[in-house]
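Next up, input-v7.csv (CSV, C-alpha atoms and all ligand atoms):
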chain,number,residue,atom,x,y,z
G,236,MET,CA,92.7,167.3,188.2
G,237,ALA,CA,89.0,166.7,188.1
G,238,ASP,CA,88.2,167.4,184.5
G,239,THR,CA,84.6,167.5,183.5
G,240,LYS,CA,85.0,164.9,180.8
G,241,MET,CA,86.4,162.4,183.3
G,242,GLU,CA,83.7,163.3,185.8
G,243,GLU,CA,81.1,162.2,183.3
G,244,HIS,CA,82.4,158.6,183.7
G,245,LEU,CA,82.7,158.6,187.5
G,246,PRO,CA,79.9,157.4,189.7
G,247,ALA,CA,78.1,160.4,191.3
G,248,ASP,CA,78.5,159.1,194.8
G,249,LEU,CA,82.3,158.9,194.3
G,250,ILE,CA,82.5,162.5,193.1
G,251,ASP,CA,80.3,163.4,196.1
G,252,LEU,CA,82.7,161.7,198.5
G,253,GLY,CA,85.7,163.3,196.8
G,254,CYS,CA,84.2,166.8,197.3
G,255,LYS,CA,83.4,166.0,200.9
G,256,LEU,CA,87.0,164.9,201.5
G,257,LEU,CA,88.3,168.1,200.0
G,258,LEU,CA,86.1,170.2,202.3
G,259,ALA,CA,86.8,168.1,205.4
G,260,CYS,CA,90.5,168.5,204.8
G,261,GLN,CA,90.0,172.3,205.1
G,262,ILE,CA,87.7,172.5,208.1
G,263,SER,CA,86.8,169.2,209.8
G,264,PRO,CA,88.5,167.3,212.6
G,265,LYS,CA,90.6,164.2,211.8
G,266,SER,CA,87.9,161.9,212.9
G,267,GLU,CA,85.6,163.1,210.2
G,268,ILE,CA,88.3,162.6,207.6
G,269,GLU,CA,88.9,159.1,208.9
G,270,ARG,CA,85.2,158.4,208.5
G,271,LEU,CA,85.2,159.6,204.9
G,272,LEU,CA,88.3,157.5,204.1
G,273,LYS,CA,86.6,154.4,205.5
G,274,LEU,CA,83.6,155.1,203.2
G,275,GLY,CA,86.1,155.0,200.3
G,276,ALA,CA,86.5,158.7,199.6
G,277,PRO,CA,89.0,159.1,196.7
G,278,THR,CA,92.3,160.7,197.9
G,279,TRP,CA,93.3,161.3,194.3
G,280,TYR,CA,90.3,163.7,193.7
G,281,GLN,CA,91.3,167.3,192.8
G,282,ASP,CA,89.0,170.3,192.6
G,283,GLU,CA,88.4,172.1,189.4
G,284,GLU,CA,89.1,175.6,190.5
G,285,LEU,CA,92.6,175.3,191.8
G,286,GLY,CA,93.5,171.7,191.0
G,287,TRP,CA,94.0,171.1,194.7
G,288,SER,CA,93.9,167.6,196.2
G,289,CYS,CA,93.1,166.6,199.8
G,290,LEU,CA,96.9,166.7,200.5
G,291,HIS,CA,97.1,170.3,199.3
G,292,TYR,CA,94.3,171.4,201.6
G,293,ALA,CA,95.6,169.4,204.5
G,294,SER,CA,99.1,171.0,204.0
G,295,GLU,CA,97.7,174.3,205.0
G,296,ARG,CA,96.8,173.0,208.5
G,297,LYS,CA,100.3,172.1,209.6
G,298,GLU,CA,99.1,168.9,211.2
G,299,PRO,CA,101.7,166.1,210.5
G,300,GLU,CA,99.3,163.3,211.5
G,301,LEU,CA,96.8,164.4,208.9
G,302,LEU,CA,99.3,164.3,206.1
G,303,GLU,CA,100.4,160.8,207.2
G,304,LEU,CA,96.8,159.6,207.4
G,305,LEU,CA,96.1,160.8,203.8
G,306,LEU,CA,99.3,159.4,202.4
G,307,GLN,CA,98.7,156.0,204.1
G,308,ASN,CA,95.3,156.1,202.4
G,309,GLY,CA,96.8,156.6,198.9
G,310,ALA,CA,97.0,160.4,198.6
G,311,ILE,CA,99.4,161.2,195.7
G,312,TRP,CA,102.5,163.0,197.0
G,313,ASN,CA,103.3,164.6,193.6
G,314,SER,CA,99.9,165.6,192.2
G,315,VAL,CA,100.2,169.2,191.0
G,316,ASP,CA,97.8,172.0,191.0
G,317,LYS,CA,97.2,174.5,188.2
G,318,TRP,CA,100.4,176.3,189.0
G,319,ASN,CA,102.5,173.1,189.0
G,320,ARG,CA,102.8,173.1,192.8
G,321,THR,CA,102.7,169.9,194.9
G,322,ALA,CA,101.4,169.8,198.5
G,323,GLY,CA,105.1,170.0,199.4
G,324,GLU,CA,105.3,173.5,198.0
G,325,ILE,CA,102.3,174.6,200.1
G,326,CYS,CA,104.3,173.3,203.2
G,327,LEU,CA,107.4,175.2,202.0
G,328,SER,CA,105.5,178.4,201.6
G,329,LEU,CA,104.2,178.1,205.2
G,330,ASN,CA,107.7,177.3,206.4
G,331,ASP,CA,106.4,173.9,207.6
G,332,GLN,CA,109.6,171.8,207.4
G,333,GLN,CA,108.1,168.8,209.1
G,334,GLY,CA,105.1,168.6,206.7
G,335,TRP,CA,107.5,169.0,203.8
G,336,GLN,CA,109.7,166.2,205.0
G,337,ILE,CA,106.7,163.9,205.4
G,338,ILE,CA,105.7,164.5,201.7
G,339,ARG,CA,109.3,164.3,200.4
G,340,ASN,CA,109.9,161.0,202.3
G,341,GLU,CA,106.8,159.5,200.9
G,342,GLY,CA,108.0,160.6,197.4
G,343,ILE,CA,111.4,158.8,198.0
G,344,ARG,CA,109.7,155.7,199.4
G,345,SER,CA,107.2,155.5,196.6
G,346,GLU,CA,109.8,156.1,193.8
G,347,MET,CA,112.2,153.5,195.3
G,348,LEU,CA,109.4,151.0,195.5
G,349,HIS,CA,108.4,151.7,191.9
G,350,TYR,CA,112.0,151.0,190.7
G,351,ALA,CA,112.3,147.9,193.0
G,352,LEU,CA,109.1,146.5,191.6
G,353,ALA,CA,110.0,147.4,188.0
G,354,GLY,CA,113.3,145.3,188.4
G,355,PRO,CA,116.6,146.0,186.6
G,356,SER,CA,115.7,145.1,183.1
G,357,SER,CA,112.0,145.8,182.7
G,358,PRO,CA,110.8,148.3,180.1
G,359,GLN,CA,110.0,151.8,181.2
G,360,SER,CA,107.1,151.1,183.5
G,361,ASP,CA,105.1,153.9,184.7
G,362,SER,CA,102.1,154.7,187.0
G,363,SER,CA,100.2,157.8,187.6
G,364,THR,CA,101.8,158.3,191.0
G,365,ASN,CA,105.4,158.1,189.9
G,366,ILE,CA,107.4,161.1,188.9
G,367,LYS,CA,107.3,161.8,185.2
G,368,LEU,CA,111.0,162.5,184.9
G,369,LYS,CA,110.7,162.0,181.2
G,370,ALA,CA,108.3,163.8,179.0
G,371,GLU,CA,106.0,161.3,177.4
G,372,ASP,CA,105.9,162.9,174.0
G,373,LYS,CA,107.8,162.0,170.9
G,374,THR,CA,108.9,165.5,170.2
G,375,SER,CA,112.5,166.4,170.2
G,376,ALA,CA,112.8,167.3,173.9
G,377,GLY,CA,111.0,164.2,175.1
G,378,ASP,CA,112.6,161.5,173.0
G,379,ASN,CA,116.3,161.0,172.5
G,380,LEU,CA,116.2,159.3,169.1
G,381,THR,CA,113.9,162.0,167.7
G,382,PHE,CA,116.2,164.7,169.2
G,383,LEU,CA,119.3,163.1,167.6
G,384,LYS,CA,117.6,163.4,164.2
G,385,SER,CA,116.4,167.0,164.7
G,386,LYS,CA,118.0,170.1,163.3
G,387,LEU,CA,119.8,172.3,165.8
G,388,THR,CA,120.4,176.0,165.8
G,389,TRP,CA,123.3,177.9,167.4
G,390,ASN,CA,122.5,181.5,168.4
G,391,VAL,CA,123.0,184.1,171.1
G,392,GLY,CA,120.2,184.7,173.6
G,393,SER,CA,119.1,188.1,175.0
G,394,ASP,CA,121.5,187.5,178.0
G,395,GLY,CA,124.3,187.7,175.4
G,396,LYS,CA,125.2,184.0,175.9
G,397,GLU,CA,125.6,181.4,173.2
G,398,ARG,CA,123.0,178.7,173.2
G,399,VAL,CA,121.9,175.6,171.2
G,400,LEU,CA,118.2,175.2,170.5
G,401,ASP,CA,116.5,172.1,169.0
G,402,ALA,CA,114.0,172.2,166.1
G,403,ASP,CA,111.1,172.9,168.5
G,404,GLY,CA,112.9,175.8,170.1
G,405,ASN,CA,113.9,174.0,173.3
G,406,GLY,CA,117.2,174.9,174.9
G,407,VAL,CA,119.6,172.0,174.5
G,408,MET,CA,122.5,173.8,176.1
G,409,MET,CA,122.5,177.4,177.3
G,410,GLY,CA,125.4,179.6,178.3
G,411,TRP,CA,123.8,180.5,181.6
G,412,GLU,CA,124.8,177.1,182.9
G,413,GLU,CA,128.5,178.0,182.6
G,414,PRO,CA,129.0,179.0,186.3
G,415,LEU,CA,127.5,175.6,187.3
G,416,MET,CA,129.8,173.8,184.9
G,417,VAL,CA,132.7,175.7,186.4
G,418,GLU,CA,131.7,174.3,189.8
G,419,HIS,CA,131.4,170.8,188.4
G,420,VAL,CA,134.9,170.9,186.9
G,421,LYS,CA,136.4,172.5,190.0
G,422,LEU,CA,135.0,169.8,192.3
G,423,MET,CA,136.0,167.0,190.0
G,424,THR,CA,139.6,168.1,189.4
G,425,HIS,CA,141.0,170.3,192.1
G,426,GLU,CA,141.9,167.7,194.6
G,427,HIS,CA,142.5,164.7,192.3
G,428,PRO,CA,146.0,163.4,192.7
G,429,ASN,CA,146.5,163.1,188.9
G,430,ALA,CA,145.8,166.9,188.5
G,431,GLN,CA,148.4,168.0,191.0
G,432,PRO,CA,151.7,169.7,189.9
G,433,GLY,CA,154.1,167.1,188.5
G,434,ALA,CA,151.4,164.4,188.1
G,435,GLU,CA,150.7,162.8,184.8
G,436,GLY,CA,147.3,164.4,184.2
G,437,MET,CA,143.7,163.1,184.6
G,438,THR,CA,141.8,160.7,182.4
G,439,ILE,CA,138.5,162.3,181.7
G,440,MET,CA,135.2,161.2,180.1
G,441,ASN,CA,132.6,163.7,179.2
G,442,VAL,CA,129.2,162.5,177.8
G,443,GLY,CA,127.4,165.2,175.7
G,444,PHE,CA,129.5,168.0,174.1
G,445,GLY,CA,126.7,170.7,173.7
G,446,LEU,CA,128.5,174.0,173.6
G,447,GLY,CA,131.7,172.3,174.7
G,448,ILE,CA,131.7,174.5,177.9
G,449,VAL,CA,132.6,171.7,180.3
G,450,ASP,CA,135.2,170.3,177.9
G,451,ARG,CA,136.9,173.7,177.5
G,452,LEU,CA,136.9,174.0,181.3
G,453,PHE,CA,138.5,170.5,181.7
G,454,GLN,CA,141.3,171.7,179.4
G,455,GLU,CA,141.7,175.1,181.0
G,456,THR,CA,141.8,174.1,184.7
G,457,GLN,CA,145.2,172.7,184.0
G,458,SER,CA,147.6,175.7,184.3
G,459,SER,CA,151.4,175.8,183.8
G,460,SER,CA,151.9,174.1,187.1
G,461,HIS,CA,149.0,171.7,186.7
G,462,PRO,CA,149.1,169.0,184.0
G,463,LYS,CA,146.6,169.0,181.1
G,464,PRO,CA,144.3,165.9,180.9
G,465,LEU,CA,146.3,162.8,179.9
G,466,ASN,CA,143.3,161.6,178.1
G,467,HIS,CA,140.0,163.4,177.4
G,468,THR,CA,137.3,161.2,175.9
G,469,ILE,CA,134.1,162.9,174.6
G,470,ILE,CA,131.1,160.8,173.7
G,471,GLU,CA,128.7,162.8,171.5
G,472,ALA,CA,125.8,161.5,169.3
G,473,HIS,CA,124.3,164.4,167.4
G,474,PRO,CA,125.7,164.7,163.8
G,475,GLN,CA,125.6,168.5,163.8
G,476,VAL,CA,127.4,168.7,167.1
G,477,LEU,CA,130.0,166.3,165.8
G,478,GLU,CA,130.5,168.6,162.8
G,479,TYR,CA,130.9,171.6,165.1
G,480,ILE,CA,133.5,169.7,167.1
G,481,LYS,CA,135.5,169.1,163.9
G,482,GLU,CA,135.1,172.7,162.7
G,483,LYS,CA,136.5,173.9,166.0
G,484,GLY,CA,139.4,171.4,165.8
G,485,ILE,CA,138.5,170.0,169.2
G,486,ASP,CA,139.2,166.5,168.0
G,487,LYS,CA,142.8,167.5,167.2
G,488,LEU,CA,143.7,168.7,170.7
G,489,PRO,CA,146.3,166.5,172.4
G,490,GLY,CA,144.8,163.7,174.3
G,491,VAL,CA,141.3,164.3,173.0
G,492,LYS,CA,139.4,161.4,171.6
G,493,ILE,CA,135.9,161.7,170.2
G,494,LEU,CA,133.6,158.7,170.3
G,495,ALA,CA,130.8,159.4,167.8
G,496,GLY,CA,127.6,157.8,168.8
G,497,ARG,CA,125.2,157.4,171.8
G,498,TRP,CA,126.8,156.6,175.1
G,499,GLN,CA,124.5,153.5,175.2
G,500,ASP,CA,126.2,152.2,172.0
G,501,PHE,CA,129.6,152.3,173.7
G,502,LEU,CA,129.0,151.6,177.3
G,503,LEU,CA,126.2,149.1,177.2
G,504,ASN,CA,128.0,147.0,174.5
G,505,PRO,CA,130.7,144.8,176.1
G,506,GLU,CA,132.8,144.7,172.9
G,507,LYS,CA,132.9,148.5,172.7
G,508,LEU,CA,133.4,148.9,176.4
G,509,GLY,CA,137.0,147.5,175.9
G,510,GLU,CA,137.7,150.2,173.4
G,511,VAL,CA,136.5,152.9,175.8
G,512,LEU,CA,138.7,151.6,178.6
G,513,GLU,CA,141.8,151.5,176.3
G,514,ASN,CA,142.1,155.2,176.8
G,515,THR,CA,142.8,154.8,180.5
G,516,PRO,CA,146.2,153.7,182.0
G,517,SER,CA,146.1,149.9,182.4
G,518,GLY,CA,142.3,149.9,181.7
G,519,MET,CA,141.5,150.7,185.3
G,520,GLY,CA,138.8,153.3,184.5
G,521,TYR,CA,138.5,157.1,184.3
G,522,ASP,CA,139.6,159.6,187.0
G,523,ALA,CA,136.6,161.8,186.2
G,524,ILE,CA,133.3,161.1,184.4
G,525,PHE,CA,130.7,163.7,183.7
G,526,VAL,CA,127.3,163.2,182.0
G,527,ASP,CA,125.0,165.8,180.6
G,528,THR,CA,122.8,164.6,177.7
G,529,PHE,CA,119.5,165.8,176.4
G,530,ALA,CA,116.0,164.3,175.9
G,531,GLU,CA,116.9,161.5,178.3
G,532,GLY,CA,115.0,160.7,181.4
G,533,TYR,CA,115.8,159.3,184.8
G,534,GLU,CA,115.7,155.7,183.5
G,535,ASP,CA,118.6,156.5,181.2
G,536,LEU,CA,120.6,158.2,184.0
G,537,LYS,CA,120.0,155.2,186.2
G,538,ALA,CA,121.2,152.9,183.4
G,539,PHE,CA,124.4,155.1,183.2
G,540,PHE,CA,124.9,154.7,187.0
G,541,GLU,CA,124.9,150.9,186.5
G,542,VAL,CA,127.9,150.9,184.2
G,543,LEU,CA,130.0,153.2,186.5
G,544,PRO,CA,131.6,150.3,188.5
G,545,ASP,CA,133.1,149.2,185.1
G,546,ILE,CA,134.4,152.6,183.9
G,547,LEU,CA,135.3,154.7,187.0
G,548,GLU,CA,138.8,154.3,188.5
G,549,PRO,CA,138.0,152.7,191.8
G,550,GLU,CA,140.4,154.4,194.2
G,551,ASN,CA,140.1,158.2,193.4
G,552,GLY,CA,137.6,158.3,190.5
G,553,ILE,CA,134.9,161.0,190.7
G,554,PHE,CA,131.6,160.9,189.0
G,555,SER,CA,129.2,163.9,188.5
G,556,PHE,CA,126.1,164.6,186.4
G,557,TRP,CA,124.0,167.5,185.3
G,558,ASN,CA,121.3,167.4,188.0
G,559,GLY,CA,118.5,168.9,186.0
G,560,LEU,CA,115.7,166.4,186.3
G,561,GLY,CA,112.6,167.6,188.1
G,562,ALA,CA,114.0,171.1,188.3
G,563,THR,CA,110.8,172.9,187.6
G,564,ASN,CA,109.5,172.1,191.1
G,565,PRO,CA,111.4,172.1,194.5
G,566,THR,CA,109.7,169.0,196.0
G,567,ILE,CA,110.1,166.9,192.9
G,568,TYR,CA,113.7,168.1,192.5
G,569,ALA,CA,114.5,167.0,196.1
G,570,VAL,CA,112.9,163.6,195.6
G,571,SER,CA,114.7,163.0,192.3
G,572,SER,CA,118.1,164.0,193.8
G,573,SER,CA,117.5,161.6,196.8
G,574,LEU,CA,116.5,158.9,194.3
G,575,ALA,CA,119.8,159.4,192.4
G,576,GLU,CA,121.8,159.2,195.6
G,577,LEU,CA,120.1,155.9,196.7
G,578,HIS,CA,120.6,154.4,193.2
G,579,LEU,CA,124.2,155.4,193.2
G,580,GLU,CA,124.6,153.8,196.6
G,581,ASP,CA,123.1,150.6,195.1
G,582,VAL,CA,126.1,150.5,192.7
G,583,GLY,CA,128.6,151.3,195.4
G,584,LEU,CA,129.0,155.0,195.1
G,585,ASN,CA,128.8,157.6,197.9
G,586,THR,CA,127.4,161.0,196.9
G,587,THR,CA,128.0,164.4,198.5
G,588,TRP,CA,125.8,167.4,197.5
G,589,HIS,CA,127.1,170.9,197.0
G,590,ASP,CA,124.5,173.7,197.0
G,591,VAL,CA,125.1,176.3,194.3
G,592,LEU,CA,123.0,179.5,194.2
G,593,ILE,CA,121.6,180.7,190.9
G,594,PRO,CA,121.3,184.5,190.8
G,595,GLU,CA,117.9,185.9,189.9
G,596,SER,CA,119.3,187.7,186.9
G,597,LEU,CA,120.3,184.4,185.4
G,598,ARG,CA,116.9,183.0,185.9
G,599,GLU,CA,114.8,185.5,183.9
G,600,GLU,CA,116.5,187.0,180.9
G,601,VAL,CA,117.8,183.7,179.5
G,602,TRP,CA,114.5,182.1,178.7
G,603,LYS,CA,113.4,184.6,176.1
G,604,GLY,CA,112.8,182.8,172.8
G,605,VAL,CA,113.0,179.4,174.4
G,606,LYS,CA,109.9,177.2,174.3
G,607,ARG,CA,110.1,175.1,177.4
G,608,ARG,CA,111.6,176.5,180.5
G,609,TYR,CA,113.6,173.7,182.2
G,610,TRP,CA,114.8,175.5,185.3
G,611,GLU,CA,112.7,177.2,188.0
G,612,LEU,CA,114.7,176.9,191.2
G,613,SER,CA,117.0,179.3,193.0
G,614,GLY,CA,119.5,176.7,193.8
G,615,TYR,CA,121.3,173.8,192.1
G,616,LYS,CA,122.2,170.6,193.9
G,617,LEU,CA,125.6,169.5,192.5
G,618,PRO,CA,126.4,165.8,193.0
G,619,ILE,CA,129.9,164.5,193.5
G,620,ALA,CA,130.1,160.7,193.8
G,621,LYS,CA,133.0,158.4,194.6
G,622,MET,CA,133.3,154.6,195.0
G,623,SER,CA,132.7,153.9,198.6
G,624,LEU,CA,135.6,152.1,200.3
G,625,MET,CA,134.5,148.9,202.0
V,1,LIG,C1,123.1,169.7,177.4
V,1,LIG,S1,124.2,169.4,176.2
V,1,LIG,C2,125.8,169.2,177.0
V,1,LIG,C3,126.3,170.5,177.4
V,1,LIG,C4,127.8,170.4,177.9
V,1,LIG,N1,127.8,169.9,179.2
V,1,LIG,C5,128.4,171.7,177.9
V,1,LIG,O1,129.1,172.1,178.9
V,1,LIG,O2,128.3,172.5,176.9
V,1,LIG,C6,123.8,167.8,175.7
V,1,LIG,C7,124.6,167.1,174.6
V,1,LIG,O3,124.3,165.7,174.7
V,1,LIG,C8,124.2,165.1,173.4
V,1,LIG,N2,123.5,163.8,173.6
V,1,LIG,C9,122.2,163.7,173.7
V,1,LIG,N3,121.9,162.4,173.9
V,1,LIG,C10,123.0,161.7,173.8
V,1,LIG,C11,123.4,160.3,174.0
V,1,LIG,N4,122.4,159.4,174.2
V,1,LIG,N5,124.7,160.0,173.9
V,1,LIG,C12,125.6,160.9,173.7
V,1,LIG,N6,125.4,162.2,173.5
V,1,LIG,C13,124.1,162.6,173.6
V,1,LIG,C14,123.5,166.2,172.7
V,1,LIG,O4,123.7,166.1,171.3
V,1,LIG,C15,124.2,167.5,173.2
V,1,LIG,O5,125.3,167.8,172.5

Would you write the structure of this file as structure tokens?
Amino acid sequence: MADTKMEEHLPADLIDLGCKLLLACQISPKSEIERLLKLGAPTWYQDEELGWSCLHYASERKEPELLELLLQNGAIWNSVDKWNRTAGEICLSLNDQQGWQIIRNEGIRSEMLHYALAGPSSPQSDSSTNIKLKAEDKTSAGDNLTFLKSKLTWNVGSDGKERVLDADGNGVMMGWEEPLMVEHVKLMTHEHPNAQPGAEGMTIMNVGFGLGIVDRLFQETQSSSHPKPLNHTIIEAHPQVLEYIKEKGIDKLPGVKILAGRWQDFLLNPEKLGEVLENTPSGMGYDAIFVDTFAEGYEDLKAFFEVLPDILEPENGIFSFWNGLGATNPTIYAVSSSLAELHLEDVGLNTTWHDVLIPESLREEVWKGVKRRYWELSGYKLPIAKMSLM
């Protein structure tokens, strides 16, 4: 957004061209916009009043070629206005599916390119145009190691549901997510051969205990006719959550094994990986793996994807994860979900998406007393991924 301090350092003629481009994107023909771009008009420039970029203004015109022209000339697909809306949201509000797809596709292209250029082992590189799927702060919600040292509080929210908050008042796990966890568990277990009557039971790995909702559901889905999990491994890193697990006797349940530490300590360390696979019959990998941690970003999730071929049972194994990154904005959420699908494909997994509606009532009451709202959408995209058969 054009802030006055920044403008002091910009050449006056660049600011002038930026303002002209914003105006041209509202009222001028494409030829005039092309002329300004040739003169070097900055496509990243945003006005002060609304925080709108040339792409926001152009989105109101429903002219696909104009959006393409601006994107080809460096317009930033995910720059947000004062209300956290990208140009994609302007298209959605005008029911312009074509315009929205152009912006979303540019998001996917640019994010994939970013990761391809960053390479598999480079440090967390970043650029102003790529999605900030990780807060850049060192507070508890933005940094995993800070979070793991912070003090947690268990309480009941005004929606009557239990929740865990971190030291800064951010929701680590909130009871409103239970219906979504129910869907995850259903889709991961119902059709699996090892969960059918008479079968031996599934081998399950859950990363991140939180309130233990998903773990309770994994135990409960097995009825008198369906077997309980044969093995249920939980990886959890926060010392207070580990205490809570002991207090509740979760670690004493048949088949349950607690691995105390970060998932990175177990799964990215070849010596420990053997220990993790010992829990599965003939070391072939888990039947179901679910990941839902806290204060981790897309880079961490992608690193998790990369170990899946070593830990997921290849024939019928099912992987799913809490799909919460970018969920404060529909366009960014769509791009981050597609990015995950493409990166899962890179490691040999096919993803199907299940759309789950989140009722309005669940979206309001729950946030009282919580510092940072992490969910703004009416729907949840639930991923189910399996090894693709060659
Ligand atoms: C959102 S909660 C999980 C909620 C859980 N799915 C449920 O149904 O209640 C996240 C959990 O992940 C744990 N965690 C965070 N980072 C972790 C890491 N790197 N490795 C293992 N556990 C982690 C947190 O301590 C917290 O208990």

*Considering all atoms listed in the file, return as a ChimeraX atom specification whatever protein or nucleic-acid residues lie within 12 Å of Tyr615 of chain G, sequence-local ones (same chain, fewer than 3 positions apart) excluded.*
/G:412,414-416,418-419,556-565,568-569,572,588-594,598,610-612,618

Writing out the chosen residues with C-alpha atoms as a compact mmCIF listing (two decimals), in the frame of the given file:
# COMPACT_ATOMS: atom_id res chain seq x y z
CA GLU G 412 124.80 177.10 182.90
CA PRO G 414 129.00 179.00 186.30
CA LEU G 415 127.50 175.60 187.30
CA MET G 416 129.80 173.80 184.90
CA GLU G 418 131.70 174.30 189.80
CA HIS G 419 131.40 170.80 188.40
CA PHE G 556 126.10 164.60 186.40
CA TRP G 557 124.00 167.50 185.30
CA ASN G 558 121.30 167.40 188.00
CA GLY G 559 118.50 168.90 186.00
CA LEU G 560 115.70 166.40 186.30
CA GLY G 561 112.60 167.60 188.10
CA ALA G 562 114.00 171.10 188.30
CA THR G 563 110.80 172.90 187.60
CA ASN G 564 109.50 172.10 191.10
CA PRO G 565 111.40 172.10 194.50
CA TYR G 568 113.70 168.10 192.50
CA ALA G 569 114.50 167.00 196.10
CA SER G 572 118.10 164.00 193.80
CA TRP G 588 125.80 167.40 197.50
CA HIS G 589 127.10 170.90 197.00
CA ASP G 590 124.50 173.70 197.00
CA VAL G 591 125.10 176.30 194.30
CA LEU G 592 123.00 179.50 194.20
CA ILE G 593 121.60 180.70 190.90
CA PRO G 594 121.30 184.50 190.80
CA ARG G 598 116.90 183.00 185.90
CA TRP G 610 114.80 175.50 185.30
CA GLU G 611 112.70 177.20 188.00
CA LEU G 612 114.70 176.90 191.20
CA PRO G 618 126.40 165.80 193.00

Nearby residues (all atoms listed in the file) at most 7 Å from segment 532-549 of chain G, same-chain spacing under 3 positions excluded, as a PDB file with C-alpha atoms, keeping the file's coordinate frame:
ATOM      1  CA  LEU G 368     111.000 162.500 184.900  1.00  0.00           C
ATOM      2  CA  LYS G 369     110.700 162.000 181.200  1.00  0.00           C
ATOM      3  CA  LEU G 512     138.700 151.600 178.600  1.00  0.00           C
ATOM      4  CA  MET G 519     141.500 150.700 185.300  1.00  0.00           C
ATOM      5  CA  GLY G 520     138.800 153.300 184.500  1.00  0.00           C
ATOM      6  CA  TYR G 521     138.500 157.100 184.300  1.00  0.00           C
ATOM      7  CA  ASP G 522     139.600 159.600 187.000  1.00  0.00           C
ATOM      8  CA  GLY G 552     137.600 158.300 190.500  1.00  0.00           C
ATOM      9  CA  LEU G 579     124.200 155.400 193.200  1.00  0.00           C
ATOM     10  CA  VAL G 582     126.100 150.500 192.700  1.00  0.00           C
ATOM     11  CA  MET G 622     133.300 154.600 195.000  1.00  0.00           C
TER      12      MET G 622
END

*asked:* Give me, as a ChimeraX atom specification, the set of residues whose atoms come within 6 Å of any atom of ligand LIG 1 (chain V), counting only C-alpha atoms and all ligand atoms.
replied: /G:379,407-408,442-449,470-473,476,497-498,527-529

*Provide the atom CA of Ala276 of chain G to atom CA of Arg296 of chain G distance in Å, to one decimal place.*
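Atom-to-atom, atom CA of Ala276 of chain G and atom CA of Arg296 of chain G are spaced 19.7 Å apart.
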
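The coordinates place atom CA of Glu426 of chain G at 9.7 Å from atom CA of Asn551 of chain G.
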
*If you count only C-alpha atoms, which residues fall within 7 Å of segment 478-492 of chain G, apart from same-chain ones fewer than 4 positions away, as a list in words?*
Pro464, Leu465, Asn466, His467, Thr468, Ile469 and Pro474 of chain G

Can I get the selection written as a tab-separated table (two decimals), keeping the file's coordinate frame, with C-alpha atoms?
chain	number	residue	atom	x	y	z
G	464	PRO	CA	144.30	165.90	180.90
G	465	LEU	CA	146.30	162.80	179.90
G	466	ASN	CA	143.30	161.60	178.10
G	467	HIS	CA	140.00	163.40	177.40
G	468	THR	CA	137.30	161.20	175.90
G	469	ILE	CA	134.10	162.90	174.60
G	474	PRO	CA	125.70	164.70	163.80

_Selected residue, from G:Ser623, G:Lys616, G:Val420, G:Gln336, that lies nearest to Val526 of chain G when counting all atoms listed in the file_ =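 Nearest to Val526 of chain G: G:Val420.
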
*asked:* Which residues are close to Glu576 of chain G, i.e. within 10 Å by only C-alpha atoms, leaving aside same-chain residues fewer than 4 positions away? Reply as a ChimeraX atom specification.
replied: /G:570-572,580-581,584-588,618-620
